[in-house]
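Shown below: query-v3.cif, with mmCIF, N, CA and C atoms.
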data_start
loop_
_atom_site.label_atom_id
_atom_site.label_comp_id
_atom_site.auth_asym_id
_atom_site.auth_seq_id
_atom_site.Cartn_x
_atom_site.Cartn_y
_atom_site.Cartn_z
N MET A 1 -51.63 32.95 178.05
CA MET A 1 -50.42 32.96 178.87
C MET A 1 -50.33 34.28 179.61
N THR A 2 -50.04 34.23 180.91
CA THR A 2 -49.99 35.41 181.74
C THR A 2 -48.54 35.80 182.00
N THR A 3 -48.24 37.06 181.80
CA THR A 3 -46.90 37.56 182.09
C THR A 3 -46.95 38.22 183.46
N GLN A 4 -46.08 37.77 184.37
CA GLN A 4 -46.05 38.34 185.70
C GLN A 4 -45.22 39.61 185.70
N LYS A 5 -45.71 40.61 186.40
CA LYS A 5 -45.00 41.87 186.55
C LYS A 5 -43.83 41.63 187.51
N PRO A 6 -42.63 42.11 187.20
CA PRO A 6 -41.49 41.91 188.10
C PRO A 6 -41.77 42.51 189.47
N ARG A 7 -41.37 41.81 190.50
CA ARG A 7 -41.57 42.31 191.85
C ARG A 7 -40.56 43.42 192.15
N PRO A 8 -40.99 44.43 192.88
CA PRO A 8 -40.06 45.51 193.25
C PRO A 8 -39.19 45.10 194.44
N CYS A 9 -38.22 45.90 194.72
CA CYS A 9 -37.36 45.71 195.89
C CYS A 9 -38.25 45.70 197.14
N PRO A 10 -38.09 44.71 198.03
CA PRO A 10 -38.94 44.64 199.22
C PRO A 10 -38.67 45.75 200.24
N ILE A 11 -37.56 46.44 200.12
CA ILE A 11 -37.22 47.50 201.07
C ILE A 11 -37.73 48.86 200.60
N CYS A 12 -37.38 49.26 199.37
CA CYS A 12 -37.71 50.61 198.92
C CYS A 12 -38.72 50.66 197.78
N LYS A 13 -39.08 49.50 197.23
CA LYS A 13 -40.08 49.38 196.16
C LYS A 13 -39.59 49.85 194.79
N LYS A 14 -38.31 50.13 194.63
CA LYS A 14 -37.75 50.46 193.31
C LYS A 14 -37.60 49.16 192.51
N PRO A 15 -37.39 49.25 191.21
CA PRO A 15 -37.18 48.02 190.42
C PRO A 15 -35.95 47.25 190.93
N ARG A 16 -36.07 45.94 190.99
CA ARG A 16 -34.97 45.13 191.50
C ARG A 16 -33.84 45.04 190.48
N SER A 17 -32.67 44.72 190.96
CA SER A 17 -31.48 44.57 190.14
C SER A 17 -31.10 43.09 190.09
N GLU A 18 -30.69 42.62 188.93
CA GLU A 18 -30.25 41.23 188.80
C GLU A 18 -29.05 40.97 189.71
N GLU A 19 -28.18 41.94 189.84
CA GLU A 19 -26.97 41.78 190.64
C GLU A 19 -27.28 41.61 192.12
N PHE A 20 -28.31 42.30 192.62
CA PHE A 20 -28.63 42.29 194.05
C PHE A 20 -29.99 41.65 194.35
N ALA A 21 -30.54 40.90 193.42
CA ALA A 21 -31.88 40.31 193.57
C ALA A 21 -32.01 39.60 194.91
N PRO A 22 -33.11 39.79 195.58
CA PRO A 22 -34.34 40.46 195.17
C PRO A 22 -34.35 41.95 195.48
N PHE A 23 -33.20 42.52 195.79
CA PHE A 23 -33.12 43.93 196.14
C PHE A 23 -32.68 44.76 194.93
N CYS A 24 -32.72 46.09 195.09
CA CYS A 24 -32.33 46.96 193.98
C CYS A 24 -30.86 47.38 194.08
N SER A 25 -30.29 47.29 195.28
CA SER A 25 -28.93 47.76 195.48
C SER A 25 -28.30 47.09 196.70
N ALA A 26 -27.00 47.30 196.85
CA ALA A 26 -26.30 46.77 198.02
C ALA A 26 -26.83 47.43 199.29
N ARG A 27 -27.21 48.68 199.20
CA ARG A 27 -27.74 49.40 200.36
C ARG A 27 -28.99 48.72 200.90
N CYS A 28 -29.94 48.40 200.03
CA CYS A 28 -31.17 47.74 200.47
C CYS A 28 -30.89 46.33 200.98
N ARG A 29 -29.97 45.64 200.33
CA ARG A 29 -29.59 44.30 200.78
C ARG A 29 -29.01 44.36 202.20
N ASP A 30 -28.16 45.35 202.45
CA ASP A 30 -27.54 45.51 203.76
C ASP A 30 -28.56 45.95 204.81
N ARG A 31 -29.52 46.78 204.43
CA ARG A 31 -30.58 47.18 205.36
C ARG A 31 -31.39 45.96 205.80
N ASP A 32 -31.68 45.07 204.87
CA ASP A 32 -32.43 43.86 205.18
C ASP A 32 -31.63 42.98 206.14
N LEU A 33 -30.36 42.79 205.87
CA LEU A 33 -29.50 41.98 206.73
C LEU A 33 -29.43 42.58 208.13
N SER A 34 -29.35 43.90 208.20
CA SER A 34 -29.32 44.58 209.49
C SER A 34 -30.60 44.33 210.28
N GLN A 35 -31.73 44.28 209.60
CA GLN A 35 -33.00 43.98 210.27
C GLN A 35 -32.94 42.60 210.93
N TRP A 36 -32.38 41.62 210.23
CA TRP A 36 -32.26 40.28 210.81
C TRP A 36 -31.32 40.29 212.01
N PHE A 37 -30.18 40.96 211.90
CA PHE A 37 -29.21 41.00 213.00
C PHE A 37 -29.79 41.68 214.23
N ASN A 38 -30.60 42.70 214.04
CA ASN A 38 -31.14 43.47 215.16
C ASN A 38 -32.51 42.98 215.60
N GLU A 39 -32.87 41.76 215.20
CA GLU A 39 -34.13 41.12 215.56
C GLU A 39 -35.35 41.92 215.13
N GLY A 40 -35.23 42.64 214.00
CA GLY A 40 -36.36 43.36 213.44
C GLY A 40 -37.32 42.42 212.73
N TYR A 41 -36.83 41.25 212.35
CA TYR A 41 -37.65 40.21 211.75
C TYR A 41 -37.63 39.01 212.69
N SER A 42 -38.61 38.17 212.57
CA SER A 42 -38.60 36.94 213.34
C SER A 42 -39.30 35.85 212.55
N VAL A 43 -38.94 34.64 212.85
CA VAL A 43 -39.55 33.48 212.22
C VAL A 43 -40.51 32.89 213.25
N PRO A 44 -41.78 32.69 212.89
CA PRO A 44 -42.73 32.18 213.87
C PRO A 44 -42.35 30.79 214.37
N GLY A 45 -42.62 30.57 215.61
CA GLY A 45 -42.36 29.27 216.22
C GLY A 45 -43.22 29.12 217.45
N ARG A 46 -43.09 28.00 218.10
CA ARG A 46 -43.91 27.80 219.29
C ARG A 46 -43.34 28.64 220.44
N PRO A 47 -44.17 29.07 221.36
CA PRO A 47 -43.69 29.87 222.49
C PRO A 47 -42.73 29.06 223.36
N ALA A 48 -41.74 29.71 223.91
CA ALA A 48 -40.79 29.05 224.81
C ALA A 48 -41.49 28.75 226.13
N THR A 49 -41.15 27.62 226.71
CA THR A 49 -41.69 27.25 228.02
C THR A 49 -40.57 27.34 229.05
N ASP A 50 -40.92 27.24 230.32
CA ASP A 50 -39.91 27.26 231.38
C ASP A 50 -38.93 26.10 231.21
N ASP A 51 -39.42 24.94 230.73
CA ASP A 51 -38.55 23.78 230.51
C ASP A 51 -37.50 24.09 229.45
N ASP A 52 -37.92 24.79 228.37
CA ASP A 52 -36.98 25.14 227.30
C ASP A 52 -35.88 26.05 227.83
N ILE A 53 -36.26 27.00 228.66
CA ILE A 53 -35.29 27.97 229.19
C ILE A 53 -34.30 27.29 230.13
N SER A 54 -34.78 26.39 230.99
CA SER A 54 -33.89 25.72 231.94
C SER A 54 -32.93 24.77 231.23
N LYS A 55 -33.31 24.23 230.07
CA LYS A 55 -32.43 23.33 229.32
C LYS A 55 -31.24 24.08 228.72
N GLU A 56 -31.41 25.39 228.45
CA GLU A 56 -30.34 26.17 227.83
C GLU A 56 -29.25 26.53 228.81
N THR A 57 -29.56 26.60 230.09
CA THR A 57 -28.56 27.02 231.08
C THR A 57 -27.93 25.87 231.79
#
Here is the file; what I need is its structure written in the form of structure tokens.
Amino acid sequence: MTTQKPRPCPICKKPRSEEFAPFCSARCRDRDLSQWFNEGYSVPGRPATDDDISKET
């Protein structure tokens, strides 16, 4: 049987907290959310075409 090592906080690499999982603190959780709001992260998708852009307006 293999025991998996707990994953660290994805932001600062400190041990994660059960209260803020998968982060170690509210600060790291908020930093991650800020990255999403400021388009620091993205989800891959197909490239936009001219047809897609004209449908939005």
Practice item. Evaluate the PyMOL selection byres (((chain A and resi 26-43 and name CA) around 12) and name CA) here and jot the selected residues down as number ranges by chain. Key: A: 8-25, 44-47
Quick one: 3 Å padding each side, axis-aligned, all listed atoms of segment 3-18 of chain A - centre and edge lengths in Å to one decimal, as lines of an AutoDock Vina configuration file?
center_x = -38.6
center_y = 43.9
center_z = 191.4
size_x = 25.2
size_y = 19.6
size_z = 25.3
Enumerate, as a compact mmCIF listing (two decimals) with N, CA and C atoms, in the frame of the given file, the complete set of residues in chain A that a backbone-based DSSP assignment places in helix (DSSP H, G or I).
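So the final result, stored in out.txt, reads:
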# COMPACT_ATOMS: atom_id res chain seq x y z
N ALA A 26 -27.00 47.30 196.85
CA ALA A 26 -26.30 46.77 198.02
C ALA A 26 -26.83 47.43 199.29
N ARG A 27 -27.21 48.68 199.20
CA ARG A 27 -27.74 49.40 200.36
C ARG A 27 -28.99 48.72 200.90
N CYS A 28 -29.94 48.40 200.03
CA CYS A 28 -31.17 47.74 200.47
C CYS A 28 -30.89 46.33 200.98
N ARG A 29 -29.97 45.64 200.33
CA ARG A 29 -29.59 44.30 200.78
C ARG A 29 -29.01 44.36 202.20
N ASP A 30 -28.16 45.35 202.45
CA ASP A 30 -27.54 45.51 203.76
C ASP A 30 -28.56 45.95 204.81
N ARG A 31 -29.52 46.78 204.43
CA ARG A 31 -30.58 47.18 205.36
C ARG A 31 -31.39 45.96 205.80
N ASP A 32 -31.68 45.07 204.87
CA ASP A 32 -32.43 43.86 205.18
C ASP A 32 -31.63 42.98 206.14
N LEU A 33 -30.36 42.79 205.87
CA LEU A 33 -29.50 41.98 206.73
C LEU A 33 -29.43 42.58 208.13
N SER A 34 -29.35 43.90 208.20
CA SER A 34 -29.32 44.58 209.49
C SER A 34 -30.60 44.33 210.28
N GLN A 35 -31.73 44.28 209.60
CA GLN A 35 -33.00 43.98 210.27
C GLN A 35 -32.94 42.60 210.93
N TRP A 36 -32.38 41.62 210.23
CA TRP A 36 -32.26 40.28 210.81
C TRP A 36 -31.32 40.29 212.01
N PHE A 37 -30.18 40.96 211.90
CA PHE A 37 -29.21 41.00 213.00
C PHE A 37 -29.79 41.68 214.23
N ASP A 50 -40.92 27.24 230.32
CA ASP A 50 -39.91 27.26 231.38
C ASP A 50 -38.93 26.10 231.21
N ASP A 51 -39.42 24.94 230.73
CA ASP A 51 -38.55 23.78 230.51
C ASP A 51 -37.50 24.09 229.45
N ASP A 52 -37.92 24.79 228.37
CA ASP A 52 -36.98 25.14 227.30
C ASP A 52 -35.88 26.05 227.83
N ILE A 53 -36.26 27.00 228.66
CA ILE A 53 -35.29 27.97 229.19
C ILE A 53 -34.30 27.29 230.13
N SER A 54 -34.78 26.39 230.99
CA SER A 54 -33.89 25.72 231.94
C SER A 54 -32.93 24.77 231.23
N LYS A 55 -33.31 24.23 230.07
CA LYS A 55 -32.43 23.33 229.32
C LYS A 55 -31.24 24.08 228.72
N GLU A 56 -31.41 25.39 228.45
CA GLU A 56 -30.34 26.17 227.83
C GLU A 56 -29.25 26.53 228.81
Just save segment 26-57 of chain A with N, CA and C atoms, as a short mmCIF file (atom, residue, chain, number, x, y, z; two decimals), in the first residue's frame.
data_model
loop_
_atom_site.label_atom_id
_atom_site.label_comp_id
_atom_site.auth_asym_id
_atom_site.auth_seq_id
_atom_site.Cartn_x
_atom_site.Cartn_y
_atom_site.Cartn_z
N ALA A 26 -6.05 32.02 3.92
CA ALA A 26 -6.98 32.87 3.18
C ALA A 26 -6.21 33.76 2.20
N ARG A 27 -5.02 34.16 2.58
CA ARG A 27 -4.21 35.01 1.71
C ARG A 27 -3.90 34.31 0.38
N CYS A 28 -3.46 33.07 0.43
CA CYS A 28 -3.15 32.33 -0.79
C CYS A 28 -4.42 32.04 -1.59
N ARG A 29 -5.50 31.76 -0.91
CA ARG A 29 -6.78 31.53 -1.59
C ARG A 29 -7.20 32.79 -2.35
N ASP A 30 -7.06 33.95 -1.72
CA ASP A 30 -7.42 35.21 -2.34
C ASP A 30 -6.48 35.57 -3.49
N ARG A 31 -5.20 35.25 -3.35
CA ARG A 31 -4.25 35.49 -4.44
C ARG A 31 -4.64 34.68 -5.67
N ASP A 32 -5.05 33.44 -5.46
CA ASP A 32 -5.46 32.59 -6.57
C ASP A 32 -6.71 33.16 -7.24
N LEU A 33 -7.69 33.57 -6.47
CA LEU A 33 -8.91 34.16 -7.01
C LEU A 33 -8.59 35.42 -7.80
N SER A 34 -7.68 36.22 -7.29
CA SER A 34 -7.26 37.44 -7.98
C SER A 34 -6.64 37.12 -9.34
N GLN A 35 -5.88 36.04 -9.42
CA GLN A 35 -5.29 35.62 -10.69
C GLN A 35 -6.39 35.33 -11.71
N TRP A 36 -7.46 34.66 -11.29
CA TRP A 36 -8.57 34.36 -12.20
C TRP A 36 -9.26 35.66 -12.64
N PHE A 37 -9.52 36.57 -11.70
CA PHE A 37 -10.20 37.82 -12.03
C PHE A 37 -9.38 38.67 -13.00
N ASN A 38 -8.07 38.66 -12.86
CA ASN A 38 -7.20 39.50 -13.68
C ASN A 38 -6.68 38.77 -14.91
N GLU A 39 -7.32 37.67 -15.27
CA GLU A 39 -6.97 36.87 -16.45
C GLU A 39 -5.53 36.36 -16.42
N GLY A 40 -5.02 36.08 -15.21
CA GLY A 40 -3.70 35.50 -15.07
C GLY A 40 -3.71 34.01 -15.40
N TYR A 41 -4.88 33.40 -15.32
CA TYR A 41 -5.07 32.01 -15.69
C TYR A 41 -6.03 31.98 -16.88
N SER A 42 -5.99 30.92 -17.62
CA SER A 42 -6.96 30.76 -18.69
C SER A 42 -7.25 29.28 -18.87
N VAL A 43 -8.41 29.01 -19.41
CA VAL A 43 -8.82 27.65 -19.71
C VAL A 43 -8.68 27.48 -21.21
N PRO A 44 -7.96 26.45 -21.66
CA PRO A 44 -7.76 26.29 -23.10
C PRO A 44 -9.08 26.07 -23.84
N GLY A 45 -9.13 26.60 -25.01
CA GLY A 45 -10.31 26.44 -25.86
C GLY A 45 -9.91 26.68 -27.30
N ARG A 46 -10.87 26.57 -28.18
CA ARG A 46 -10.54 26.78 -29.58
C ARG A 46 -10.36 28.28 -29.82
N PRO A 47 -9.54 28.65 -30.78
CA PRO A 47 -9.34 30.07 -31.08
C PRO A 47 -10.63 30.72 -31.58
N ALA A 48 -10.85 31.96 -31.23
CA ALA A 48 -12.01 32.70 -31.70
C ALA A 48 -11.85 33.01 -33.18
N THR A 49 -12.95 32.96 -33.90
CA THR A 49 -12.94 33.31 -35.32
C THR A 49 -13.68 34.63 -35.51
N ASP A 50 -13.59 35.20 -36.69
CA ASP A 50 -14.32 36.44 -36.97
C ASP A 50 -15.83 36.24 -36.81
N ASP A 51 -16.33 35.04 -37.16
CA ASP A 51 -17.76 34.75 -37.00
C ASP A 51 -18.17 34.79 -35.54
N ASP A 52 -17.31 34.25 -34.65
CA ASP A 52 -17.61 34.26 -33.21
C ASP A 52 -17.70 35.69 -32.69
N ILE A 53 -16.79 36.53 -33.14
CA ILE A 53 -16.75 37.92 -32.67
C ILE A 53 -17.96 38.70 -33.16
N SER A 54 -18.37 38.50 -34.41
CA SER A 54 -19.51 39.24 -34.95
C SER A 54 -20.83 38.79 -34.30
N LYS A 55 -20.90 37.55 -33.82
CA LYS A 55 -22.11 37.06 -33.16
C LYS A 55 -22.31 37.72 -31.80
N GLU A 56 -21.22 38.16 -31.16
CA GLU A 56 -21.31 38.76 -29.83
C GLU A 56 -21.83 40.18 -29.88
N THR A 57 -21.65 40.88 -30.98
CA THR A 57 -22.06 42.29 -31.06
C THR A 57 -23.38 42.46 -31.75
#
